[in-house]
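Engineer: Pasting query-v2.pdb here (PDB, C-alpha atoms):
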```
ATOM      1  CA  MET V   1     124.348 126.958 102.180
ATOM      2  CA  MET V   2     126.226 125.663  99.134
ATOM      3  CA  PRO V   3     126.694 121.945  98.633
ATOM      4  CA  ALA V   4     130.235 120.832  99.337
ATOM      5  CA  HIS V   5     130.425 118.743  96.167
ATOM      6  CA  GLU V   6     128.318 117.900  93.209
ATOM      7  CA  PHE V   7     128.764 114.200  92.646
ATOM      8  CA  LYS V   8     128.943 112.684  89.189
ATOM      9  CA  LEU V   9     128.730 108.920  89.491
ATOM     10  CA  SER V  10     128.456 106.263  86.841
ATOM     11  CA  HIS V  11     125.699 103.654  86.938
ATOM     12  CA  PHE V  12     128.039 101.073  88.406
ATOM     13  CA  GLN V  13     129.541 103.392  91.037
ATOM     14  CA  ALA V  14     126.057 104.444  92.199
ATOM     15  CA  MET V  15     124.990 100.797  92.421
ATOM     16  CA  VAL V  16     128.096  99.766  94.360
ATOM     17  CA  ILE V  17     127.731 102.614  96.889
ATOM     18  CA  PHE V  18     124.021 101.900  97.293
ATOM     19  CA  ALA V  19     124.637  98.158  97.754
ATOM     20  CA  LEU V  20     127.425  98.733 100.264
ATOM     21  CA  LEU V  21     125.505 101.214 102.422
ATOM     22  CA  ILE V  22     122.306  99.179 102.474
ATOM     23  CA  SER V  23     124.145  95.920 103.169
ATOM     24  CA  ILE V  24     125.946  97.476 106.146
ATOM     25  CA  ALA V  25     122.720  98.933 107.545
ATOM     26  CA  PHE V  26     120.802  95.668 107.098
ATOM     27  CA  GLY V  27     123.650  93.663 108.589
ATOM     28  CA  PHE V  28     123.805  95.804 111.711
ATOM     29  CA  LEU V  29     120.022  95.914 112.142
ATOM     30  CA  SER V  30     119.304  92.245 111.606
ATOM     31  CA  ARG V  31     122.311  90.407 113.030
ATOM     32  CA  ARG V  32     124.167  90.304 116.333
ATOM     33  CA  GLY V  33     127.853  89.588 116.713
ATOM     34  CA  ALA V  34     130.712  90.708 114.501
ATOM     35  CA  TYR V  35     131.077  87.441 112.592
ATOM     36  CA  GLN V  36     127.386  87.087 111.791
ATOM     37  CA  ARG V  37     127.208  90.707 110.709
ATOM     38  CA  ALA V  38     130.286  90.510 108.500
ATOM     39  CA  ARG V  39     128.959  87.367 106.847
ATOM     40  CA  TYR V  40     125.542  88.903 106.237
ATOM     41  CA  ILE V  41     127.024  92.174 104.908
ATOM     42  CA  LEU V  42     129.343  90.381 102.499
ATOM     43  CA  TRP V  43     126.671  87.994 101.284
ATOM     44  CA  SER V  44     124.071  90.743 100.866
ATOM     45  CA  PHE V  45     126.545  93.009  99.055
ATOM     46  CA  ILE V  46     127.555  90.274  96.612
ATOM     47  CA  LEU V  47     123.906  89.389  95.931
ATOM     48  CA  PHE V  48     123.038  93.072  95.341
ATOM     49  CA  LEU V  49     125.829  93.299  92.756
ATOM     50  CA  ILE V  50     125.081  89.987  91.038
ATOM     51  CA  ILE V  51     121.347  90.691  90.795
ATOM     52  CA  GLY V  52     121.942  94.308  89.692
ATOM     53  CA  VAL V  53     124.369  93.306  86.929
ATOM     54  CA  GLY V  54     122.088  90.388  85.992
ATOM     55  CA  ILE V  55     119.062  92.663  85.596
ATOM     56  CA  GLY V  56     121.228  95.063  83.596
ATOM     57  CA  TRP V  57     122.215  92.299  81.188
ATOM     58  CA  ALA V  58     118.621  91.053  80.991
ATOM     59  CA  MET V  59     117.529  94.541  79.866
ATOM     60  CA  TYR V  60     120.396  94.882  77.380
ATOM     61  CA  PRO V  61     118.517  93.511  74.309
ATOM     62  CA  PHE V  62     115.694  96.029  74.811
ATOM     63  CA  SER V  63     118.050  99.005  74.587
ATOM     64  CA  HIS V  64     119.145  98.135  71.054
TER      65      HIS V  64
ATOM     66  CA  MET Q   1      79.857  65.117 149.441
ATOM     67  CA  SER Q   2      83.593  64.871 149.158
ATOM     68  CA  ASP Q   3      83.543  67.349 146.247
ATOM     69  CA  GLU Q   4      81.888  70.170 148.212
ATOM     70  CA  ILE Q   5      84.645  70.673 150.765
ATOM     71  CA  PRO Q   6      87.457  71.879 148.471
ATOM     72  CA  ILE Q   7      85.105  74.285 146.678
ATOM     73  CA  ALA Q   8      84.016  75.896 149.954
ATOM     74  CA  GLU Q   9      87.628  76.223 151.098
ATOM     75  CA  SER Q  10      88.824  77.786 147.877
ATOM     76  CA  THR Q  11      85.925  80.310 147.821
ATOM     77  CA  THR Q  12      86.787  81.453 151.363
ATOM     78  CA  ALA Q  13      90.424  81.826 150.456
ATOM     79  CA  VAL Q  14      89.610  84.121 147.521
ATOM     80  CA  HIS Q  15      87.420  86.440 149.665
ATOM     81  CA  VAL Q  16      90.005  86.703 152.434
ATOM     82  CA  ALA Q  17      92.906  87.627 150.142
ATOM     83  CA  PRO Q  18      93.147  91.471 150.166
ATOM     84  CA  SER Q  19      95.831  91.889 147.524
ATOM     85  CA  PRO Q  20      94.855  93.412 144.142
ATOM     86  CA  PRO Q  21      94.744  91.216 141.064
ATOM     87  CA  PRO Q  22      98.263  90.381 139.897
ATOM     88  CA  TYR Q  23      97.671  91.607 136.310
ATOM     89  CA  SER Q  24      97.205  95.309 137.267
ATOM     90  CA  ALA Q  25     100.915  95.968 137.824
ATOM     91  CA  THR Q  26     101.800  94.142 134.610
ATOM     92  CA  ALA Q  27      99.290  96.148 132.592
ATOM     93  CA  GLN Q  28     100.663  99.379 134.013
ATOM     94  CA  ASP Q  29     104.175  98.337 133.094
ATOM     95  CA  ARG Q  30     103.028  97.421 129.629
ATOM     96  CA  HIS Q  31     101.405 100.846 129.108
ATOM     97  CA  ARG Q  32     104.549 102.577 130.328
ATOM     98  CA  ARG Q  33     106.713 100.447 128.038
ATOM     99  CA  ASP Q  34     104.437 101.164 125.060
ATOM    100  CA  ALA Q  35     104.644 104.909 125.690
ATOM    101  CA  LEU Q  36     108.416 104.706 125.995
ATOM    102  CA  ALA Q  37     108.621 102.648 122.802
ATOM    103  CA  LEU Q  38     106.561 105.234 120.916
ATOM    104  CA  THR Q  39     108.798 108.033 122.199
ATOM    105  CA  ILE Q  40     111.889 106.118 121.121
ATOM    106  CA  ALA Q  41     110.372 105.472 117.681
ATOM    107  CA  ALA Q  42     109.598 109.190 117.281
ATOM    108  CA  ALA Q  43     113.149 110.091 118.327
ATOM    109  CA  ALA Q  44     114.555 107.500 115.924
ATOM    110  CA  TRP Q  45     112.508 108.984 113.088
ATOM    111  CA  PHE Q  46     113.421 112.579 113.910
ATOM    112  CA  LEU Q  47     117.173 111.979 114.089
ATOM    113  CA  PRO Q  48     118.452 108.769 112.469
ATOM    114  CA  GLY Q  49     120.206 106.622 115.077
ATOM    115  CA  LEU Q  50     118.836 108.472 118.090
ATOM    116  CA  GLY Q  51     116.377 105.702 118.929
ATOM    117  CA  HIS Q  52     119.097 103.075 119.103
ATOM    118  CA  ALA Q  53     121.355 105.478 121.013
ATOM    119  CA  LEU Q  54     118.605 105.870 123.643
ATOM    120  CA  LEU Q  55     118.507 102.078 123.869
ATOM    121  CA  LYS Q  56     122.319 102.084 124.294
ATOM    122  CA  MET Q  57     122.828 100.191 121.041
ATOM    123  CA  TRP Q  58     125.772 102.302 119.988
ATOM    124  CA  GLY Q  59     126.892 100.318 116.937
ATOM    125  CA  ARG Q  60     123.448 100.319 115.377
ATOM    126  CA  ALA Q  61     122.977 104.002 116.248
ATOM    127  CA  LEU Q  62     126.231 104.937 114.545
ATOM    128  CA  VAL Q  63     125.448 102.876 111.458
ATOM    129  CA  CYS Q  64     121.892 104.242 111.141
ATOM    130  CA  PHE Q  65     123.096 107.818 111.493
ATOM    131  CA  SER Q  66     126.038 107.542 109.114
ATOM    132  CA  THR Q  67     124.165 105.524 106.484
ATOM    133  CA  ALA Q  68     121.247 107.962 106.370
ATOM    134  CA  ALA Q  69     123.651 110.928 106.392
ATOM    135  CA  LEU Q  70     125.757 109.510 103.538
ATOM    136  CA  LEU Q  71     122.684 108.697 101.461
ATOM    137  CA  VAL Q  72     121.300 112.211 101.959
ATOM    138  CA  ILE Q  73     124.646 113.901 101.186
ATOM    139  CA  LEU Q  74     125.108 111.770  98.066
ATOM    140  CA  GLY Q  75     121.496 112.183  96.950
ATOM    141  CA  ALA Q  76     121.554 115.948  97.382
ATOM    142  CA  GLY Q  77     125.021 116.153  95.800
ATOM    143  CA  MET Q  78     123.719 114.260  92.773
ATOM    144  CA  ARG Q  79     120.884 116.789  92.555
ATOM    145  CA  GLY Q  80     118.129 114.303  93.221
ATOM    146  CA  ASN Q  81     114.515 115.394  93.471
ATOM    147  CA  ILE Q  82     113.310 116.183  97.002
ATOM    148  CA  PHE Q  83     109.551 115.789  96.859
ATOM    149  CA  SER Q  84     107.405 118.476  98.441
ATOM    150  CA  ARG Q  85     104.024 118.265 100.127
ATOM    151  CA  ASN Q  86     102.205 119.506  97.024
ATOM    152  CA  GLY Q  87     102.707 116.385  94.948
ATOM    153  CA  GLU Q  88     100.647 116.268  91.790
ATOM    154  CA  ASP Q  89     100.321 112.515  91.380
ATOM    155  CA  ALA Q  90     100.463 109.403  93.547
ATOM    156  CA  PHE Q  91     104.145 108.817  92.844
ATOM    157  CA  ALA Q  92     105.049 112.325  94.000
ATOM    158  CA  LYS Q  93     103.003 111.813  97.163
ATOM    159  CA  LEU Q  94     104.670 108.447  97.826
ATOM    160  CA  GLY Q  95     108.035 110.041  97.139
ATOM    161  CA  TYR Q  96     107.244 112.740  99.685
ATOM    162  CA  ILE Q  97     106.383 110.121 102.303
ATOM    163  CA  ALA Q  98     109.619 108.251 101.553
ATOM    164  CA  ASP Q  99     111.703 111.438 101.704
ATOM    165  CA  LEU Q 100     110.026 112.577 104.907
ATOM    166  CA  GLY Q 101     111.007 109.271 106.507
ATOM    167  CA  ALA Q 102     114.495 110.704 106.946
ATOM    168  CA  GLY Q 103     113.137 113.041 109.637
ATOM    169  CA  SER Q 104     115.297 116.098 110.164
ATOM    170  CA  PHE Q 105     117.588 114.964 107.345
ATOM    171  CA  TYR Q 106     114.789 115.883 104.907
ATOM    172  CA  PHE Q 107     115.450 119.526 105.741
ATOM    173  CA  VAL Q 108     119.216 118.966 105.649
ATOM    174  CA  ALA Q 109     118.817 117.645 102.097
ATOM    175  CA  GLN Q 110     116.785 120.725 101.159
ATOM    176  CA  ALA Q 111     119.456 122.986 102.640
ATOM    177  CA  LEU Q 112     122.254 121.136 100.835
ATOM    178  CA  GLU Q 113     120.577 121.204  97.461
ATOM    179  CA  THR Q 114     120.735 124.914  96.738
ATOM    180  CA  ASN Q 115     120.876 124.502  92.942
ATOM    181  CA  GLY Q 116     117.645 122.511  92.874
ATOM    182  CA  PRO Q 117     117.076 119.069  91.394
ATOM    183  CA  ASP Q 118     118.238 118.047  87.961
ATOM    184  CA  VAL Q 119     116.597 114.827  86.866
ATOM    185  CA  SER Q 120     117.251 115.408  83.170
ATOM    186  CA  HIS Q 121     120.345 113.229  83.629
ATOM    187  CA  ALA Q 122     120.640 109.746  85.108
ATOM    188  CA  ASN Q 123     122.746 111.188  87.915
ATOM    189  CA  GLY Q 124     119.834 113.223  89.286
ATOM    190  CA  ASP Q 125     117.550 110.226  88.976
ATOM    191  CA  TYR Q 126     119.924 108.126  91.082
ATOM    192  CA  GLY Q 127     120.070 110.968  93.596
ATOM    193  CA  THR Q 128     116.276 110.855  93.897
ATOM    194  CA  ARG Q 129     116.464 107.140  94.681
ATOM    195  CA  LEU Q 130     119.213 107.628  97.254
ATOM    196  CA  LEU Q 131     117.196 110.308  99.061
ATOM    197  CA  ALA Q 132     114.123 108.067  99.123
ATOM    198  CA  THR Q 133     116.261 105.164 100.339
ATOM    199  CA  ALA Q 134     117.558 107.264 103.235
ATOM    200  CA  GLY Q 135     113.962 107.917 104.318
ATOM    201  CA  VAL Q 136     112.743 104.334 103.975
ATOM    202  CA  LEU Q 137     115.837 102.976 105.715
ATOM    203  CA  ASN Q 138     115.335 105.389 108.593
ATOM    204  CA  MET Q 139     111.688 104.318 108.922
ATOM    205  CA  LEU Q 140     112.863 100.705 109.079
ATOM    206  CA  ALA Q 141     115.421 101.606 111.741
ATOM    207  CA  ALA Q 142     112.756 103.475 113.736
ATOM    208  CA  LEU Q 143     110.491 100.412 113.550
ATOM    209  CA  HIS Q 144     113.379  98.229 114.732
ATOM    210  CA  ALA Q 145     114.036 100.553 117.679
ATOM    211  CA  TYR Q 146     110.320 100.450 118.525
ATOM    212  CA  GLU Q 147     110.265  96.665 118.487
ATOM    213  CA  VAL Q 148     113.392  96.500 120.661
ATOM    214  CA  ALA Q 149     111.886  98.959 123.143
ATOM    215  CA  ARG Q 150     108.786  96.766 123.360
ATOM    216  CA  ALA Q 151     111.094  93.809 124.026
ATOM    217  CA  ARG Q 152     109.878  91.950 120.991
ATOM    218  CA  LYS Q 153     113.280  91.883 119.351
ATOM    219  CA  ALA Q 154     116.881  91.655 120.460
TER     220      ALA Q 154
END
```
For the structure just supplied, provide its representation as structure tokens.

Structural biologist:
Amino acid sequence: MMPAHEFKLSHFQAMVIFALLISIAFGFLSRRGAYQRARYILWSFILFLIIGVGIGWAMYPFSH
Amino acid sequence: MSDEIPIAESTTAVHVAPSPPPYSATAQDRHRRDALALTIAAAAWFLPGLGHALLKMWGRALVCFSTAALLVILGAGMRGNIFSRNGEDAFAKLGYIADLGAGSFYFVAQALETNGPDVSHANGDYGTRLLATAGVLNMLAALHAYEVARARKA
């Protein structure tokens, strides 16, 4: 079986997809009700991105 | 003297009562529920989302299935490393446990990745992480289904 696609993603794209999928899964597993879930998913997704970009900037001086 | 009368009455009442102790039925139910919970956890591990589907939690079942499927498709498409049983070091062994957490999707990932892994680029490295995430997430979902089946969680 051949893979349908070979994906080439940038760092940021990979992080955004990862954050989105995990936030949705966590939101559905840990919360009940559409409003609570949507709030949790949005909050978790934003935190994933902020912390990911923050860690990236914190490591920036070591790469130069 | 007044204290002896109630004790004698209560002792007689206990001997006369023929019914079995009330906790036997509860213990039997508990054993049955534990066995069912273990079966549901095994089903949830084998096919992501199946455990929640058996519990009629359709939204969670759909999300568990599609999230694990997307992570596996992306991870295999990015040519991530799928760890095998013959890991050389502790990290490879841990990676195998994480990958195996995806249940049947572990073999789907192997079937999808016909060109083999390529971790010489960052893309392949991200793919490895996505495959491991699919496994760990599925183990978490299986644990959640187990807890729900044991009525410890809503």

Engineer: Using only C-alpha atoms for the distances, tell me which of V:Phe18, V:Phe7, V:Phe28, V:Phe12 is nearest to Gly49 (chain Q).

Structural biologist: V:Phe28

Engineer: Can you translate the PyMOL selection byres ((chain V) within 12 of (chain Q)) into the concrete residues it hits in this file, as a JSON list (two decimals) with C-alpha atoms, keeping the file's coordinate frame?

Structural biologist:
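Writing the result to out.json gives the following:
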```
[["chain", "number", "residue", "atom", "x", "y", "z"],
["V", 1, "MET", "CA", 124.35, 126.96, 102.18],
["V", 2, "MET", "CA", 126.23, 125.66, 99.13],
["V", 3, "PRO", "CA", 126.69, 121.94, 98.63],
["V", 4, "ALA", "CA", 130.24, 120.83, 99.34],
["V", 5, "HIS", "CA", 130.43, 118.74, 96.17],
["V", 6, "GLU", "CA", 128.32, 117.90, 93.21],
["V", 7, "PHE", "CA", 128.76, 114.20, 92.65],
["V", 8, "LYS", "CA", 128.94, 112.68, 89.19],
["V", 9, "LEU", "CA", 128.73, 108.92, 89.49],
["V", 10, "SER", "CA", 128.46, 106.26, 86.84],
["V", 11, "HIS", "CA", 125.70, 103.65, 86.94],
["V", 12, "PHE", "CA", 128.04, 101.07, 88.41],
["V", 13, "GLN", "CA", 129.54, 103.39, 91.04],
["V", 14, "ALA", "CA", 126.06, 104.44, 92.20],
["V", 15, "MET", "CA", 124.99, 100.80, 92.42],
["V", 17, "ILE", "CA", 127.73, 102.61, 96.89],
["V", 18, "PHE", "CA", 124.02, 101.90, 97.29],
["V", 19, "ALA", "CA", 124.64, 98.16, 97.75],
["V", 20, "LEU", "CA", 127.42, 98.73, 100.26],
["V", 21, "LEU", "CA", 125.50, 101.21, 102.42],
["V", 22, "ILE", "CA", 122.31, 99.18, 102.47],
["V", 23, "SER", "CA", 124.14, 95.92, 103.17],
["V", 24, "ILE", "CA", 125.95, 97.48, 106.15],
["V", 25, "ALA", "CA", 122.72, 98.93, 107.54],
["V", 26, "PHE", "CA", 120.80, 95.67, 107.10],
["V", 27, "GLY", "CA", 123.65, 93.66, 108.59],
["V", 28, "PHE", "CA", 123.80, 95.80, 111.71],
["V", 29, "LEU", "CA", 120.02, 95.91, 112.14],
["V", 30, "SER", "CA", 119.30, 92.24, 111.61],
["V", 31, "ARG", "CA", 122.31, 90.41, 113.03],
["V", 32, "ARG", "CA", 124.17, 90.30, 116.33],
["V", 33, "GLY", "CA", 127.85, 89.59, 116.71],
["V", 34, "ALA", "CA", 130.71, 90.71, 114.50],
["V", 37, "ARG", "CA", 127.21, 90.71, 110.71]]
```

Engineer: Give as a list in words every residue, naming chains and numbers as the document does, that has an atom within 12 Å of (105.6, 101.6, 122.6), counting all atoms listed in the file.

Structural biologist: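 With a cut-off of 12 Å, the residues come to Asp29, Arg30, His31, Arg32, Arg33, Asp34, Ala35, Leu36, Ala37, Leu38, Thr39, Ile40, Ala41, Ala42, Ala142, Leu143, His144, Ala145, Tyr146, Glu147, Val148, Ala149, Arg150, Ala151 and Arg152 of chain Q.
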
Engineer: May I ask for the distance between CA of Gly101 (chain Q) and CA of Met139 (chain Q), given in Å to one decimal place?

Structural biologist: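 Rounded to one decimal, the two atoms are 5.6 Å apart.
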
Engineer: How far is it from CA of Ala44 (chain Q) to CA of Gly103 (chain Q), in Å with one decimal?

Structural biologist: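 Computing it gives 8.5 Å between the two atoms.
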
Engineer: So how many Å separate CA of Val136 (chain Q) and CA of Ala102 (chain Q), to one decimal?

Structural biologist: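 Those two atoms sit 7.2 Å apart.
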